[in-house]
Structure formats: structure tokens, C-alpha cells
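For reference, data23.tsv (TSV, C-alpha atoms and all ligand atoms):
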```tsv
chain	number	residue	atom	x	y	z
K	1	THR	CA	8.18	-0.98	144.28
K	2	GLU	CA	6.42	-1.19	140.96
K	3	ARG	CA	7.17	-2.09	137.34
K	4	THR	CA	6.04	-0.37	134.14
K	5	LEU	CA	6.47	-1.09	130.44
K	6	VAL	CA	8.14	1.71	128.50
K	7	LEU	CA	8.43	1.92	124.72
K	8	VAL	CA	10.49	4.30	122.67
K	9	LYS	CA	8.20	4.32	119.64
K	10	PRO	CA	9.47	4.20	116.02
K	11	ASP	CA	9.59	8.01	115.78
K	12	GLY	CA	11.76	8.19	118.91
K	13	VAL	CA	14.18	5.57	117.57
K	14	GLU	CA	14.26	7.26	114.14
K	15	ARG	CA	15.05	10.60	115.77
K	16	LYS	CA	17.84	9.06	117.89
K	17	LEU	CA	16.12	9.87	121.19
K	18	VAL	CA	16.70	6.43	122.79
K	19	GLY	CA	19.65	7.71	124.82
K	20	GLU	CA	17.72	10.81	125.86
K	21	VAL	CA	14.83	8.68	127.16
K	22	VAL	CA	17.16	6.27	128.99
K	23	VAL	CA	19.04	9.19	130.58
K	24	ARG	CA	15.80	10.66	131.90
K	25	ILE	CA	14.65	7.30	133.32
K	26	GLU	CA	17.98	6.77	135.06
K	27	ARG	CA	18.30	10.36	136.28
K	28	LYS	CA	14.84	10.08	137.86
K	29	GLY	CA	16.22	7.18	139.92
K	30	LEU	CA	14.25	4.42	138.24
K	31	ASP	CA	15.90	1.08	137.44
K	32	LEU	CA	16.07	-0.63	134.06
K	33	VAL	CA	15.11	-4.29	134.49
K	34	ALA	CA	15.05	-5.19	130.78
K	35	LEU	CA	15.86	-3.28	127.59
K	36	GLU	CA	15.53	-4.55	124.04
K	37	MET	CA	15.19	-3.31	120.49
K	38	ARG	CA	12.29	-5.00	118.73
K	39	THR	CA	10.43	-4.86	115.46
K	40	VAL	CA	6.74	-5.11	116.26
K	41	ASP	CA	4.57	-7.38	114.14
K	42	ARG	CA	0.90	-6.68	113.52
K	43	GLU	CA	-0.20	-9.25	116.12
K	44	LEU	CA	1.84	-7.79	118.97
K	45	ALA	CA	0.76	-4.29	117.96
K	46	ALA	CA	-2.92	-5.24	118.01
K	47	GLN	CA	-2.57	-6.94	121.39
K	48	HIS	CA	-0.64	-4.05	122.87
K	49	TYR	CA	-3.25	-1.54	121.70
K	50	ALA	CA	-6.31	-3.82	122.17
K	51	GLU	CA	-8.10	-1.19	124.26
K	52	HIS	CA	-8.12	1.15	121.23
K	53	ASP	CA	-9.64	-1.41	118.83
K	54	GLY	CA	-12.57	0.26	117.09
K	55	LYS	CA	-11.35	3.83	117.57
K	56	PRO	CA	-10.91	5.95	114.44
K	57	PHE	CA	-7.13	6.10	114.85
K	58	PHE	CA	-6.65	2.35	115.52
K	59	SER	CA	-5.43	1.23	112.07
K	60	SER	CA	-3.20	4.27	111.72
K	61	LEU	CA	-1.78	3.54	115.18
K	62	LEU	CA	-0.95	-0.06	114.15
K	63	GLU	CA	0.72	1.21	110.96
K	64	PHE	CA	2.76	3.64	113.00
K	65	ILE	CA	3.90	1.28	115.75
K	66	THR	CA	4.93	-1.38	113.21
K	67	SER	CA	6.70	1.11	110.92
K	68	GLY	CA	10.18	0.60	112.37
K	69	PRO	CA	12.04	-0.73	115.37
K	70	VAL	CA	11.01	0.24	118.88
K	71	VAL	CA	12.94	-0.02	122.12
K	72	ALA	CA	11.01	-1.81	124.84
K	73	ALA	CA	11.99	-1.62	128.49
K	74	VAL	CA	10.77	-2.74	131.87
K	75	VAL	CA	11.37	0.03	134.36
K	76	GLU	CA	11.17	-0.44	138.12
K	77	GLY	CA	10.99	1.77	141.17
K	78	PRO	CA	8.63	3.29	143.70
K	79	ARG	CA	5.52	4.50	141.85
K	80	ALA	CA	7.27	3.69	138.56
K	81	ILE	CA	4.02	3.86	136.54
K	82	ALA	CA	3.16	7.41	137.55
K	83	ALA	CA	6.81	8.45	137.62
K	84	PHE	CA	7.36	7.47	133.99
K	85	ARG	CA	4.07	9.07	132.90
K	86	GLN	CA	5.30	12.27	134.50
K	87	LEU	CA	8.57	11.98	132.57
K	88	ALA	CA	6.63	11.32	129.32
K	89	GLY	CA	4.09	14.13	129.68
K	90	GLY	CA	0.51	14.08	128.38
K	91	THR	CA	-0.56	12.25	125.23
K	92	ASP	CA	-0.77	15.38	123.04
K	93	PRO	CA	2.78	16.79	123.07
K	94	VAL	CA	1.60	20.35	122.43
K	95	GLU	CA	-1.70	20.70	124.30
K	96	LYS	CA	-1.04	18.35	127.23
K	97	ALA	CA	2.66	17.67	127.73
K	98	ALA	CA	4.51	20.29	129.75
K	99	PRO	CA	7.93	21.57	128.71
K	100	GLY	CA	10.50	19.53	130.57
K	101	SER	CA	8.71	16.28	129.76
K	102	ILE	CA	9.87	14.00	126.94
K	103	ARG	CA	6.84	14.73	124.76
K	104	GLY	CA	6.78	18.39	125.78
K	105	ASP	CA	10.41	18.85	124.86
K	106	PHE	CA	10.58	16.76	121.67
K	107	GLY	CA	7.09	16.05	120.33
K	108	LEU	CA	4.60	17.78	118.05
K	109	GLU	CA	2.02	15.14	117.12
K	110	THR	CA	-0.45	13.11	119.14
K	111	GLN	CA	0.20	9.85	117.31
K	112	SER	CA	3.96	10.20	116.92
K	113	ASN	CA	4.49	11.07	120.54
K	114	LEU	CA	7.80	9.29	121.05
K	115	VAL	CA	7.15	7.07	124.07
K	116	HIS	CA	4.65	4.80	125.73
K	117	GLY	CA	4.28	4.03	129.41
K	118	SER	CA	1.75	1.71	131.05
K	119	ASP	CA	-1.17	3.63	132.55
K	120	SER	CA	-2.13	1.40	135.52
K	121	PRO	CA	-0.85	-1.60	137.49
K	122	GLU	CA	-3.23	-3.84	135.48
K	123	SER	CA	-1.94	-2.49	132.14
K	124	ALA	CA	1.65	-2.80	133.33
K	125	ALA	CA	1.21	-6.46	134.29
K	126	ARG	CA	-0.53	-7.23	131.00
K	127	GLU	CA	2.01	-5.36	128.86
K	128	ILE	CA	5.09	-6.74	130.62
K	129	LYS	CA	3.75	-10.27	130.11
K	130	LEU	CA	3.11	-9.48	126.44
K	131	TRP	CA	6.53	-7.94	125.71
K	132	PHE	CA	8.74	-9.86	128.12
K	133	PRO	CA	7.04	-13.22	128.83
K	134	SER	CA	10.15	-14.56	130.56
K	135	LEU	CA	10.15	-11.85	133.26
U	1	LIG	P1	0.58	5.48	125.67
U	1	LIG	O1	-0.50	4.48	126.05
U	1	LIG	O2	1.22	5.19	124.34
U	1	LIG	O3	1.55	5.81	126.76
U	1	LIG	P2	-1.26	7.49	126.31
U	1	LIG	O4	-1.68	6.62	127.45
U	1	LIG	O5	-0.76	8.85	126.59
U	1	LIG	O6	-0.18	6.83	125.42
U	1	LIG	P3	-3.65	6.62	124.90
U	1	LIG	O7	-4.88	7.41	124.97
U	1	LIG	O8	-3.57	5.31	125.63
U	1	LIG	O9	-2.43	7.60	125.27
U	1	LIG	O10	-3.35	6.36	123.37
U	1	LIG	C1	-2.35	5.46	122.99
U	1	LIG	C2	-1.59	6.03	121.84
U	1	LIG	O11	-2.43	6.16	120.70
U	1	LIG	C3	-1.04	7.45	122.06
U	1	LIG	O12	0.18	7.47	122.76
U	1	LIG	C4	-0.90	7.94	120.64
U	1	LIG	O13	0.29	7.42	120.02
U	1	LIG	C5	-2.11	7.32	119.96
U	1	LIG	N1	-3.27	8.22	119.99
U	1	LIG	C6	-4.07	8.50	121.05
U	1	LIG	N2	-5.04	9.36	120.72
U	1	LIG	C7	-4.86	9.63	119.40
U	1	LIG	C8	-5.54	10.44	118.46
U	1	LIG	N3	-6.61	11.16	118.80
U	1	LIG	N4	-5.05	10.48	117.19
U	1	LIG	C9	-3.98	9.74	116.84
U	1	LIG	N5	-3.30	8.95	117.68
U	1	LIG	C10	-3.73	8.89	118.94
```

Would you write the structure of this file as C-alpha cells?
Amino acid sequence: TERTLVLVKPDGVERKLVGEVVVRIERKGLDLVALEMRTVDRELAAQHYAEHDGKPFFSSLLEFITSGPVVAAVVEGPRAIAAFRQLAGGTDPVEKAAPGSIRGDFGLETQSNLVHGSDSPESAAREIKLWFPSL
């Protein structure tokens, strides 16, 4: 079994898609281990997205992720990392995410793409420690 960090980003919360995302996680058979609404400060945002530091969209990404509350969750199950990335769909909701995925069904923009899911076991461990240090 494996754990992954999931975020419903500010656009997803604003659009009232938290329930939709949770339903899809649960319907897939994954378990919720932790679930919390959080407002992200600049420091957490920069740490979370450290790998994108220096990219042209980095400052815009920090603005976006700190623009309103997010819902953070730790999700567990067999191959949870890949399973949630399948549920989310590709980064660009139009060019990459298939219909039937969260981004494919509800998203239009690459930055405001509704959800985040860890992309590897190393990222998952790092992100879970960052968001839920007590776990
Ligand atoms: P996440 O890590 O949030 O699950 P991802 O792994 O699909 O997304 P990454 O390439 O790690 O995508 O990018 C992280 C986030 O940065 C994206 O989800 C998106 O919000 C934003 N982003 C990525 N590429 C761009 C871009 N070209 N322009 C604007 N925003 C971008």
C-alpha cells in the first residue's frame, strides 16, 4: 500500500468541487487518511512547489495556490500515487486530461487545473511531511 498527497486547489474549492473530488477518490477504492482545509502561506507554497523555482510560471503559481483555501488530503491504497494521477488526468486539462478524469471533466486551464497529486514515492513522502508533519 502507498500514500499520496492530494490537494483540491483554490479553483476547485471556489467552484465547489471538493465533494466531487472526494467522491471520485472513495469510489476508486482509495482511503482517506487525513483531510483538512488550509490557507497556504507563501512559505508552504514555495516549499511545495520548490521543483518549479526558476520556471517562468513560478511566481504566478505561488499567487494562485495562495489565493484562497485549499483542501489537503492524504490518500492511501495500492498504487495510490498512480491511481490518483489517473483520476486527476494530465496537467493540461484540454490537451492532456482525458474526459472522465477530474481535469478532463471540469478544467480548462493549465495553471487552474483543480487538483494536485504527488508524482512519485519520493515526492509523496516529502509532501506528506510538509503538509501533515504529525502523520
Ligand atoms: P501537480 O504537481 O499539481 O499534480 P502536475 O504534476 O500535473 O501537477 P507539474 O508539471 O508538476 O504538473 O506542475 C505543477 C503545477 O504547476 C500544475 O499542476 C499547474 O498548476 C502549474 N503549471 C504547470 N505547468 C504550467 C504552465 N506551463 N503554465 C502555468 N502553470 C503551470

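Reported to one decimal place, the separation of atom O13 of ligand LIG 1 (chain U) from atom CA of K:Gly54 is 15.0 Å.
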
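Omitting stretch 18-34 of chain K and its sequence neighbours fewer than 2 positions away, and counting only C-alpha atoms, the residues within 9 Å are Arg3, Val8, Gly12, Val13, Arg15, Lys16, Glu36, Val71, Ala72, Ala73, Val74, Val75, Glu76, Gly77, Pro78, Ala80, Ala83, Phe84, Leu87, Ala88, Ile102, Val115, Phe132 and Leu135 of chain K.
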
**OP:** Give as a ChimeraX atom specification each residue that has an atom at most 12 Å from (10.6, -6.4, 120.1) in the file, counting all atoms listed in the file.
**Re:** /K:6-10,34-45,48,65-66,68-73,128,130-133

Considering all atoms listed in the file, tabulate each residue of chain K that lies at most 6 Å from ligand LIG 1 (chain U) along with its nearest interatomic pair and the corresponding distance in Å to one decimal; arrange the rows by chain and ascending residue number and present them as JSON lines.
```
{"residue": "K:Phe57", "atom": "CA", "partner": "U:LIG1", "partner_atom": "C9", "distance": 5.2}
{"residue": "K:Gly90", "atom": "CA", "partner": "U:LIG1", "partner_atom": "O5", "distance": 5.7}
{"residue": "K:Thr91", "atom": "CA", "partner": "U:LIG1", "partner_atom": "O5", "distance": 3.7}
{"residue": "K:Thr110", "atom": "CA", "partner": "U:LIG1", "partner_atom": "N5", "distance": 5.2}
{"residue": "K:Gln111", "atom": "CA", "partner": "U:LIG1", "partner_atom": "N5", "distance": 3.6}
{"residue": "K:Ser112", "atom": "CA", "partner": "U:LIG1", "partner_atom": "O13", "distance": 5.6}
{"residue": "K:Asn113", "atom": "CA", "partner": "U:LIG1", "partner_atom": "O13", "distance": 5.6}
{"residue": "K:His116", "atom": "CA", "partner": "U:LIG1", "partner_atom": "O3", "distance": 3.4}
{"residue": "K:Gly117", "atom": "CA", "partner": "U:LIG1", "partner_atom": "O3", "distance": 4.2}
{"residue": "K:Ser118", "atom": "CA", "partner": "U:LIG1", "partner_atom": "O3", "distance": 5.9}
{"residue": "K:Asp119", "atom": "CA", "partner": "U:LIG1", "partner_atom": "O4", "distance": 5.9}
```

**OP:** Give the answer as one residue: which of K:Leu17, K:Ile81, K:Ala46, K:Leu61 has the shortest atom-to-atom distance to K:Leu114, using only C-alpha atoms?
**Re:** K:Leu17

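The nearest approach to K:Glu2 among the residues K:Ala82, K:Leu108, K:Val94, K:Ala50, with all atoms listed in the file taken into account, belongs to K:Ala82.
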
Quick one: what's the axis-aligned box for stretch 118-125 of chain K, all listed atoms, 6 Å on every side, centre and edges in Å to one decimal, as AutoDock Vina command-line options?
```
--center_x -0.7 --center_y -1.4 --center_z 134.3 --size_x 17.0 --size_y 22.1 --size_z 18.4
```

Original post:
atom CA of K:Ser59 and atom CA of K:Ala98 are how many Å apart?
Top reply: 27.8 Å

Subject >> Between atom CA of K:Asp11 and atom CA of K:Arg85 - distance in Å to one decimal >> reply: 18.0 Å

**OP:** Go through K:Arg103, K:Tyr49, K:Ser120, K:Leu5 and flag the residue nearest K:Glu63, using all atoms listed in the file for the distances.
**Re:** K:Tyr49
